[in-house]
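The next block is start_3.cif, given as mmCIF, C-alpha atoms.
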data_final
loop_
_atom_site.label_atom_id
_atom_site.label_comp_id
_atom_site.auth_asym_id
_atom_site.auth_seq_id
_atom_site.Cartn_x
_atom_site.Cartn_y
_atom_site.Cartn_z
CA MET P 455 73.65 130.55 123.48
CA ARG P 456 71.13 127.84 122.72
CA ILE P 457 69.07 130.18 120.61
CA PHE P 458 72.05 131.10 118.48
CA SER P 459 73.13 127.55 117.77
CA LYS P 460 69.55 126.59 116.98
CA GLY P 461 69.33 129.38 114.43
CA LYS P 462 72.43 128.07 112.74
CA ASP P 463 71.09 124.56 112.45
CA ILE P 464 68.06 125.78 110.56
CA SER P 465 70.05 127.67 107.94
CA GLY P 466 72.28 124.63 107.48
CA ARG P 467 76.02 124.23 107.38
CA THR P 468 77.82 123.81 104.08
CA ILE P 469 81.30 122.39 103.63
CA VAL P 470 83.10 123.47 100.47
CA VAL P 471 86.14 121.39 99.49
CA GLY P 472 88.70 123.13 97.29
CA CYS P 473 89.28 126.88 97.37
CA GLY P 474 89.79 127.54 93.68
CA ARG P 475 87.86 130.09 91.66
CA LEU P 476 84.60 128.15 91.91
CA GLY P 477 85.08 127.10 95.54
CA ALA P 478 86.01 130.60 96.72
CA ASN P 479 83.14 132.20 94.82
CA LEU P 480 80.68 129.68 96.18
CA ALA P 481 81.93 130.13 99.73
CA ASN P 482 81.70 133.93 99.44
CA THR P 483 78.17 133.80 98.07
CA LEU P 484 76.97 131.33 100.71
CA SER P 485 78.60 133.33 103.48
CA ASP P 486 77.14 136.63 102.20
CA GLY P 487 73.73 134.98 102.14
CA GLY P 488 74.04 134.31 105.85
CA GLY P 489 74.95 130.63 105.57
CA ASP P 490 77.33 128.77 107.86
CA VAL P 491 80.30 127.85 105.66
CA ILE P 492 83.45 125.81 106.21
CA ILE P 493 85.98 125.74 103.38
CA ILE P 494 88.80 123.17 103.13
CA ASP P 495 91.93 123.44 100.98
CA ARG P 496 95.31 121.78 101.35
CA ASN P 497 97.05 125.04 100.49
CA GLU P 498 96.64 127.93 102.92
CA GLU P 499 97.51 130.47 100.21
CA SER P 500 94.31 129.54 98.35
CA PHE P 501 92.20 131.21 101.03
CA ARG P 502 93.41 134.58 99.74
CA LYS P 503 90.78 134.23 97.03
CA LEU P 504 88.08 134.58 99.70
CA SER P 505 86.59 138.05 100.03
CA SER P 506 87.34 140.12 103.12
CA SER P 507 83.71 139.83 104.20
CA PHE P 508 83.89 136.00 104.30
CA GLY P 509 82.52 134.99 107.66
CA GLY P 510 83.08 131.24 107.55
CA ILE P 511 85.83 128.97 108.84
CA THR P 512 88.88 127.87 106.82
CA VAL P 513 90.48 124.46 107.36
CA THR P 514 93.88 123.67 105.87
CA GLY P 515 94.45 120.02 104.93
CA ASP P 516 93.84 117.21 102.45
CA ALA P 517 90.09 116.54 102.41
CA THR P 518 90.62 112.92 101.35
CA GLU P 519 91.94 112.29 104.86
CA MET P 520 89.32 111.34 107.42
CA LEU P 521 91.04 113.40 110.09
CA VAL P 522 90.73 116.60 108.06
CA LEU P 523 87.04 116.00 107.39
CA GLU P 524 86.47 115.28 111.06
CA ARG P 525 88.34 118.45 111.95
CA ALA P 526 85.90 120.35 109.74
CA ASP P 527 83.11 118.78 111.82
CA ILE P 528 81.63 117.13 108.74
CA LYS P 529 79.05 115.20 110.77
CA LYS P 530 77.19 118.42 111.48
CA ALA P 531 77.09 119.54 107.84
CA THR P 532 73.86 119.54 105.84
CA ALA P 533 75.62 119.83 102.48
CA VAL P 534 79.06 118.99 101.12
CA ILE P 535 80.28 120.47 97.83
CA SER P 536 83.54 119.10 96.41
CA VAL P 537 85.09 121.36 93.78
CA THR P 538 88.83 120.63 93.80
CA ASN P 539 90.66 120.50 90.48
CA ASN P 540 91.03 116.71 90.76
CA ASP P 541 88.08 114.55 89.68
CA ASN P 542 89.18 111.54 91.69
CA THR P 543 89.49 113.63 94.83
CA ASN P 544 86.00 115.01 94.26
CA ILE P 545 84.56 111.52 93.74
CA MET P 546 86.18 110.17 96.88
CA VAL P 547 85.22 113.16 99.04
CA ALA P 548 81.64 112.90 97.75
CA GLN P 549 81.45 109.16 98.47
CA LEU P 550 82.99 109.60 101.91
CA ALA P 551 80.48 112.35 102.69
CA LYS P 552 77.53 110.34 101.40
CA GLU P 553 78.33 106.80 102.49
CA HIS P 554 80.55 107.24 105.52
CA PHE P 555 79.22 110.41 107.10
CA GLY P 556 75.64 110.19 105.75
CA ILE P 557 75.37 113.76 104.49
CA GLY P 558 72.05 114.44 102.75
CA GLN P 559 73.12 116.74 99.95
CA VAL P 560 76.40 116.05 98.18
CA ILE P 561 77.56 117.82 95.03
CA ALA P 562 80.76 117.14 93.09
CA ARG P 563 82.30 118.96 90.16
CA LEU P 564 83.73 116.58 87.56
CA TYR P 565 85.65 117.56 84.45
CA ASP P 566 85.47 114.12 82.86
CA PRO P 567 81.88 112.88 82.32
CA GLU P 568 83.15 109.43 81.31
CA ARG P 569 83.52 108.25 84.91
CA ASP P 570 79.81 108.58 85.64
CA CYS P 571 79.29 104.84 86.17
CA VAL P 572 81.34 105.15 89.35
CA TYR P 573 79.01 107.52 91.16
CA ARG P 574 75.70 107.05 89.29
CA GLU P 575 74.32 104.59 91.83
CA PHE P 576 75.07 106.91 94.76
CA ALA P 577 72.77 109.89 95.18
CA ILE P 578 75.53 112.36 94.38
CA ASP P 579 74.71 115.41 92.25
CA THR P 580 77.36 116.21 89.70
CA ILE P 581 78.26 119.34 87.79
CA CYS P 582 80.22 118.84 84.59
CA PRO P 583 81.59 122.09 83.10
CA ALA P 584 82.10 120.59 79.62
CA VAL P 585 78.48 119.41 79.39
CA LEU P 586 77.13 122.72 80.74
CA SER P 587 79.26 124.74 78.33
CA THR P 588 78.19 122.63 75.37
CA LYS P 589 74.54 123.21 76.22
CA GLU P 590 75.09 126.96 76.59
CA ILE P 591 76.99 127.25 73.31
CA ASP P 592 74.34 125.21 71.52
CA LYS P 593 71.75 127.59 72.91
CA LEU P 594 73.72 130.60 71.63
CA LEU P 595 74.10 128.99 68.23
CA GLY P 596 70.40 128.26 68.15
CA VAL P 597 70.86 124.53 67.78
CA PRO P 598 67.54 122.92 68.75
CA GLU P 599 67.88 120.69 71.80
CA THR P 600 67.79 117.06 70.81
CA GLU P 601 67.04 114.70 73.61
CA GLY P 602 68.26 111.16 73.61
CA GLU P 603 70.24 111.74 70.42
CA SER P 604 73.84 111.73 71.50
CA ALA P 605 77.07 111.30 69.51
CA MET S 794 93.54 79.78 80.17
CA LYS S 795 96.03 81.95 81.97
CA LYS S 796 94.55 84.54 84.28
CA ARG S 797 95.00 88.19 83.37
CA VAL S 798 96.19 90.69 85.95
CA LEU S 799 96.28 94.44 85.51
CA LEU S 800 98.59 96.56 87.69
CA ILE S 801 97.82 100.28 87.79
CA GLY S 802 100.32 102.87 89.02
CA GLY S 803 103.20 102.27 91.39
CA PHE S 804 106.73 101.51 90.35
CA HIS S 805 108.81 99.40 92.72
CA LYS S 806 105.81 97.43 93.93
CA THR S 807 104.58 97.00 90.36
CA ARG S 808 107.97 95.80 89.17
CA PHE S 809 108.28 93.26 91.95
CA LEU S 810 104.68 92.05 91.61
CA ALA S 811 104.89 91.80 87.81
CA VAL S 812 107.98 89.59 87.91
CA SER S 813 106.48 87.41 90.63
CA LEU S 814 103.10 87.04 88.88
CA ILE S 815 104.64 86.28 85.49
CA LYS S 816 106.73 83.56 87.14
CA ARG S 817 103.53 82.00 88.46
CA GLY S 818 102.07 81.96 84.95
CA TYR S 819 99.79 84.99 84.89
CA HIS S 820 99.34 87.35 81.94
CA VAL S 821 100.35 90.70 83.38
CA SER S 822 99.76 94.24 82.07
CA ALA S 823 100.78 97.49 83.74
CA ILE S 824 99.52 101.06 83.38
CA ASN S 825 101.76 103.91 84.49
CA SER S 826 101.45 107.65 83.99
CA ASN S 827 105.20 108.27 84.26
CA MET S 828 107.01 107.71 80.95
CA ASP S 829 110.38 106.91 82.58
CA HIS S 830 108.72 104.32 84.78
CA CYS S 831 107.01 102.84 81.72
CA VAL S 832 110.35 102.49 79.94
CA ALA S 833 111.90 100.82 82.98
CA LEU S 834 108.91 98.49 83.40
CA ALA S 835 109.05 97.55 79.70
CA ASP S 836 112.39 95.83 80.41
CA ILE S 837 110.47 93.05 82.12
CA LYS S 838 109.90 90.22 79.67
CA GLU S 839 106.27 89.36 78.90
CA LEU S 840 104.94 92.45 80.69
CA LYS S 841 102.68 94.66 78.59
CA VAL S 842 103.08 98.31 79.54
CA PHE S 843 100.60 101.10 78.81
CA HIS S 844 101.38 104.78 79.32
CA GLY S 845 98.59 106.97 80.72
CA ASP S 846 96.34 107.85 83.63
CA GLY S 847 94.80 104.59 84.85
CA SER S 848 91.80 106.36 86.35
CA LYS S 849 90.62 107.27 82.83
CA PRO S 850 88.20 104.75 81.30
CA PHE S 851 89.71 104.86 77.81
CA ILE S 852 93.19 104.04 79.13
CA LEU S 853 91.78 101.06 81.03
CA GLU S 854 90.02 99.99 77.85
CA ASP S 855 93.28 100.24 75.88
CA ALA S 856 94.84 97.96 78.47
CA ASN S 857 92.05 95.38 77.93
CA ALA S 858 90.42 95.85 81.31
CA TYR S 859 87.37 93.97 79.98
CA ASP S 860 89.37 90.73 79.82
CA THR S 861 91.03 91.18 83.18
CA GLU S 862 90.32 88.90 86.14
CA ILE S 863 92.29 90.82 88.77
CA ALA S 864 92.97 94.57 88.90
CA ILE S 865 95.42 95.96 91.45
CA ALA S 866 95.59 99.73 92.08
CA LEU S 867 98.99 100.73 93.44
CA THR S 868 99.17 104.49 92.96
CA GLY S 869 100.28 106.68 95.84
CA ARG S 870 96.92 108.39 96.18
CA ASP S 871 93.92 106.85 97.94
CA ASP S 872 91.38 108.70 95.78
CA ASP S 873 93.01 107.50 92.54
CA ASN S 874 93.08 103.91 93.80
CA LEU S 875 89.42 104.08 94.82
CA VAL S 876 88.25 105.42 91.47
CA ILE S 877 90.43 102.97 89.51
CA CYS S 878 88.95 100.00 91.39
CA GLU S 879 85.40 101.30 91.09
CA LEU S 880 85.84 101.79 87.34
CA CYS S 881 87.31 98.31 86.98
CA LYS S 882 84.48 96.79 88.99
CA LYS S 883 81.48 98.67 87.61
CA LYS S 884 82.45 99.55 84.06
CA PHE S 885 84.76 96.71 83.12
CA ARG S 886 83.29 93.95 85.30
CA VAL S 887 86.66 92.90 86.67
CA LYS S 888 86.09 89.96 89.05
CA LYS S 889 88.55 90.94 91.75
CA THR S 890 89.82 94.40 92.60
CA VAL S 891 92.64 95.14 95.04
CA ALA S 892 93.45 98.64 96.30
CA LEU S 893 96.38 99.98 98.23
CA VAL S 894 95.32 102.50 100.88
CA SER S 895 97.62 104.75 102.88
CA ASP S 896 95.14 106.04 105.45
CA PRO S 897 94.25 103.08 107.75
CA LYS S 898 91.00 104.81 108.74
CA LYS S 899 89.69 104.40 105.19
CA THR S 900 90.06 100.61 104.95
CA GLU S 901 86.47 99.97 106.08
CA PHE S 902 85.13 102.60 103.71
CA PHE S 903 86.96 101.06 100.74
CA TYR S 904 85.43 97.65 101.50
CA ARG S 905 81.99 99.27 101.71
CA MET S 906 82.52 100.83 98.31
CA GLY S 907 82.74 97.32 96.86
CA ILE S 908 86.48 96.80 96.60
CA ASP S 909 87.28 93.13 97.14
CA SER S 910 90.56 93.48 98.92
CA VAL S 911 92.07 96.50 100.62
CA VAL S 912 95.72 96.50 101.61
CA CYS S 913 96.90 99.12 104.05
CA ALA S 914 100.65 99.48 103.77
CA ILE S 915 100.94 101.26 107.11
CA THR S 916 99.15 98.62 109.18
CA ALA S 917 100.93 95.81 107.31
CA ILE S 918 104.38 97.30 107.91
CA ALA S 919 103.59 98.26 111.50
CA GLY S 920 102.49 94.65 112.04
CA ILE S 921 105.78 93.30 110.69
CA ILE S 922 107.82 95.73 112.77
CA GLU S 923 105.85 94.73 115.85
CA GLN S 924 106.49 91.08 115.06
CA GLN S 925 110.22 91.73 114.72
CA ALA S 926 110.27 93.66 117.99
CA LEU S 927 108.47 90.87 119.85
CA LEU S 928 110.51 88.15 118.24
CA ASP S 929 111.85 86.95 121.62
CA GLU S 930 108.48 85.64 122.66
CA ILE S 931 106.89 84.99 119.29
CA ALA S 932 108.61 83.15 116.46
CA ALA S 933 106.05 83.87 113.77
CA LEU S 934 102.84 85.77 113.45
CA VAL S 935 100.09 85.42 110.84
CA PRO S 936 97.28 87.97 110.85
CA VAL S 937 93.95 86.66 109.51
CA GLY S 938 90.44 88.10 109.15
CA LYS S 939 91.39 91.71 108.46
CA GLY S 940 94.13 91.50 111.08
CA HIS S 941 91.93 91.15 114.16
CA ILE S 942 92.70 87.48 114.64
CA ARG S 943 96.27 86.32 114.72
CA ILE S 944 98.06 83.02 114.74
CA ALA S 945 101.28 83.22 116.70
CA GLN S 946 104.01 80.65 117.11
CA VAL S 947 105.21 80.81 120.71
CA PRO S 948 108.33 78.89 121.88
CA ILE S 949 108.29 77.67 125.48
CA SER S 950 111.62 77.96 127.28
CA GLN S 951 112.87 76.14 130.41
CA THR S 952 111.97 79.09 132.59
CA ALA S 953 108.57 79.79 131.07
CA PRO S 954 105.69 79.60 133.57
CA ALA S 955 103.78 77.28 131.25
CA ALA S 956 106.56 74.66 131.10
CA ASN S 957 105.57 71.34 132.69
CA LYS S 958 102.03 72.50 133.25
CA LYS S 959 98.84 70.99 131.91
CA LEU S 960 96.85 73.22 129.61
CA TRP S 961 93.93 73.48 132.02
CA GLU S 962 96.24 74.65 134.79
CA LEU S 963 96.94 77.83 132.87
CA SER S 964 94.64 80.83 133.13
CA LEU S 965 94.54 81.91 129.52
CA PRO S 966 92.14 84.68 128.44
CA SER S 967 88.87 83.35 127.02
CA ASP S 968 89.47 84.63 123.48
CA VAL S 969 92.64 82.56 123.16
CA ILE S 970 93.08 79.01 122.03
CA VAL S 971 96.18 76.83 121.83
CA GLY S 972 95.54 75.23 118.46
CA CYS S 973 98.55 73.00 118.15
CA VAL S 974 101.63 71.90 120.07
CA LEU S 975 104.80 71.40 118.04
CA ARG S 976 107.22 69.04 119.78
CA GLY S 977 110.31 68.12 117.76
CA ASP S 978 109.12 66.66 114.47
CA LYS S 979 105.68 65.86 115.84
CA SER S 980 102.66 68.05 116.18
CA MET S 981 99.57 67.39 118.24
CA ILE S 982 96.22 68.98 118.83
CA PRO S 983 96.20 69.57 122.58
CA ARG S 984 93.45 68.79 125.09
CA GLY S 985 93.01 70.24 128.54
CA ASP S 986 95.18 67.52 130.06
CA THR S 987 98.05 67.91 127.59
CA ARG S 988 101.25 68.74 129.42
CA ILE S 989 103.38 71.50 127.91
CA LEU S 990 107.11 70.79 127.98
CA ALA S 991 110.08 73.11 127.68
CA GLY S 992 111.13 73.26 124.03
CA ASP S 993 107.58 72.98 122.75
CA GLU S 994 106.24 75.55 120.35
CA LEU S 995 102.59 76.48 120.69
CA LEU S 996 100.37 77.75 117.91
CA LEU S 997 98.23 80.36 119.54
CA ILE S 998 95.03 81.61 117.92
CA SER S 999 93.82 84.80 119.54
CA THR S 1000 92.30 88.22 119.05
CA ASP S 1001 94.95 90.91 118.78
CA GLU S 1002 93.95 92.47 122.11
CA HIS S 1003 94.29 89.29 124.15
CA GLU S 1004 97.48 88.04 122.54
CA THR S 1005 99.89 89.96 124.76
CA ALA S 1006 98.22 88.71 127.94
CA ALA S 1007 98.28 85.14 126.65
CA VAL S 1008 101.95 85.33 125.68
CA LEU S 1009 102.77 86.71 129.13
CA GLU S 1010 100.91 83.84 130.81
CA LEU S 1011 102.76 81.30 128.70
CA THR S 1012 106.29 82.70 128.56
CA GLY S 1013 106.36 85.08 131.52
CA ARG S 1014 107.45 87.93 129.25
#

Hey, can you dump this file as structure tokens for me?
Amino acid sequence: MRIFSKGKDISGRTIVVGCGRLGANLANTLSDGGGDVIIIDRNEESFRKLSSSFGGITVTGDATEMLVLERADIKKATAVISVTNNDNTNIMVAQLAKEHFGIGQVIARLYDPERDCVYREFAIDTICPAVLSTKEIDKLLGVPETEGESA
Amino acid sequence: MKKRVLLIGGFHKTRFLAVSLIKRGYHVSAINSNMDHCVALADIKELKVFHGDGSKPFILEDANAYDTEIAIALTGRDDDNLVICELCKKKFRVKKTVALVSDPKKTEFFYRMGIDSVVCAITAIAGIIEQQALLDEIAALVPVGKGHIRIAQVPISQTAPAANKKLWELSLPSDVIVGCVLRGDKSMIPRGDTRILAGDELLLISTDEHETAAVLELTGR
């Protein structure tokens, strides 16, 4: 038994918060790659988006509640990825993970890039779909990348 | 200069607070994302009401968050209240931020995130209910220092074990102090040789865990 649990620690345990399209996809990919995955969503129905081969654990509950995060054994996680459809929820989950539970790698998806001053000082990685899309479209249009020249 | 207060979210609490703050001479603005609530809040004289999501920076800017001294987040969601206060603090340099929190376990975390004052409705209400339930032994209770230290007003009846005893004759827990003895219109700071009489009221300063034992020693209940 020891050997098994040791093997798991090396590969790392990822907690995904929010089982939407992105969350479910991410969880499936991580699980298929042999990772240890726990996915949290407050709606049990959302877990239907997971593929049948998903080998991780599902936890139903509001991830902004300490109890739910503790139930998902967050202290043992190596990475926490918050991708719910609510920016504020993602910010709070990320800050809880980083500051309260001391998780090394924390990633949050944020729709609104304007709130960056809130989490800039914490070492939280953020993914902003609007910014990514703009870059991609610019690339397709052949607009040369201009650094430091915004607005 | 009148101080400016910004209330974000909430309805009944916001209405009550706004009226009370305006009466004390504050400039009060409110942000609410519910249009009906905004219309109802706009009935309050001198209250400026803004419609929108208070966790969005441009809404806070519209509501003059830059000139605000105190921001109070009263929405029903902990995450919204956290982000609102962090925005107010970091982006708009608001001097004092107050957040309502529903999960008592998060109070510490909110303080660590730089919020100046965190109010947990559940612990506050539970405290009041407890006070009402224990009213026989305790006449009034004031929690201080995040609620771990409390000042209780304890009446001493004829039959209380502490009646007619000197303070040093009582075996009170070590984390408890009798700060004041109220006797009729007079009050005195007691010493070890002060005799407690029936009808006195004692002001007890204690940690919350030792209070019950102290009250039992004094009143027998």

Within 12 Å of chain S, which residues of chain P show up when using all atoms listed in the file, listed as a VMD selection string? chain P and resid 516 to 524 540 to 555 565 to 576

Quick one: apply the PyMOL selection byres ((chain S and resi 860) around 9) to the file and drop the selected residues here as number ranges by chain. S: 797, 857-859, 861-862, 885-887

Can you list what the PyMOL selection byres ((chain S and resi 828) around 12) grabs from this structure, as a ChimeraX atom specification? /S:802,804,824-827,829-835,842-846

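The interatomic distance for the pair atom CA of P:Arg475 and atom CA of P:Ile494 works out to 13.4 Å.
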
Evaluate the PyMOL selection byres ((chain P and resi 483) around 12) here and jot the selected residues down as an MDAnalysis selection string. chainID P and resid 468 470 476:482 484:491 504:505 507:510

Would you kindly return, as number ranges by chain, each protein, DNA or RNA residue with an atom no farther than 12 Å from any atom of S:Leu965, considering only C-alpha atoms and excluding same-chain residues fewer than 5 positions away? S: 955, 959-960, 970-971, 985, 997-999, 1003-1012

Mind dumping the selected residues with C-alpha atoms as a PDB file, keeping the file's coordinate frame?
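This is the output file again27.pdb:
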ATOM      1  CA  ALA S 955     103.780  77.280 131.250  1.00  0.00           C
ATOM      2  CA  LYS S 959      98.840  70.990 131.910  1.00  0.00           C
ATOM      3  CA  LEU S 960      96.850  73.220 129.610  1.00  0.00           C
ATOM      4  CA  ILE S 970      93.080  79.010 122.030  1.00  0.00           C
ATOM      5  CA  VAL S 971      96.180  76.830 121.830  1.00  0.00           C
ATOM      6  CA  GLY S 985      93.010  70.240 128.540  1.00  0.00           C
ATOM      7  CA  LEU S 997      98.230  80.360 119.540  1.00  0.00           C
ATOM      8  CA  ILE S 998      95.030  81.610 117.920  1.00  0.00           C
ATOM      9  CA  SER S 999      93.820  84.800 119.540  1.00  0.00           C
ATOM     10  CA  HIS S1003      94.290  89.290 124.150  1.00  0.00           C
ATOM     11  CA  GLU S1004      97.480  88.040 122.540  1.00  0.00           C
ATOM     12  CA  THR S1005      99.890  89.960 124.760  1.00  0.00           C
ATOM     13  CA  ALA S1006      98.220  88.710 127.940  1.00  0.00           C
ATOM     14  CA  ALA S1007      98.280  85.140 126.650  1.00  0.00           C
ATOM     15  CA  VAL S1008     101.950  85.330 125.680  1.00  0.00           C
ATOM     16  CA  LEU S1009     102.770  86.710 129.130  1.00  0.00           C
ATOM     17  CA  GLU S1010     100.910  83.840 130.810  1.00  0.00           C
ATOM     18  CA  LEU S1011     102.760  81.300 128.700  1.00  0.00           C
ATOM     19  CA  THR S1012     106.290  82.700 128.560  1.00  0.00           C
TER      20      THR S1012
END

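Closest to P:Pro583 among P:Lys530, P:Arg563, P:Arg496, P:Arg467 is P:Arg563, based on only C-alpha atoms.
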
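The space between atom CA of P:Arg502 and atom CA of P:Ile557 spans 28.0 Å.
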
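Atom pair atom CA of S:Val894 / atom CA of S:Thr868 has a distance of 9.0 Å (rounded to one decimal).
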
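Taking only C-alpha atoms, the non-local environment of P:Ile493 within 6 Å (same-chain residues fewer than 2 positions away omitted) comprises P:Ile469, P:Val470, P:Val471, P:Thr512.
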
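Using only C-alpha atoms, the protein and nucleic acid residues lying at most 9 Å from the point (76.2, 115.6, 93.4) are Val534, Ile535, Ser536, Ala548, Gln559, Val560, Ile561, Ala562, Arg563, Tyr573, Phe576, Ala577, Ile578, Asp579, Thr580 and Ile581 of chain P.
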
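Minimum atom-to-atom distance to P:Lys503, evaluated using all atoms listed in the file, belongs to P:Gly472 out of P:Gly466, P:Gly472, P:Gly515, P:Arg525.
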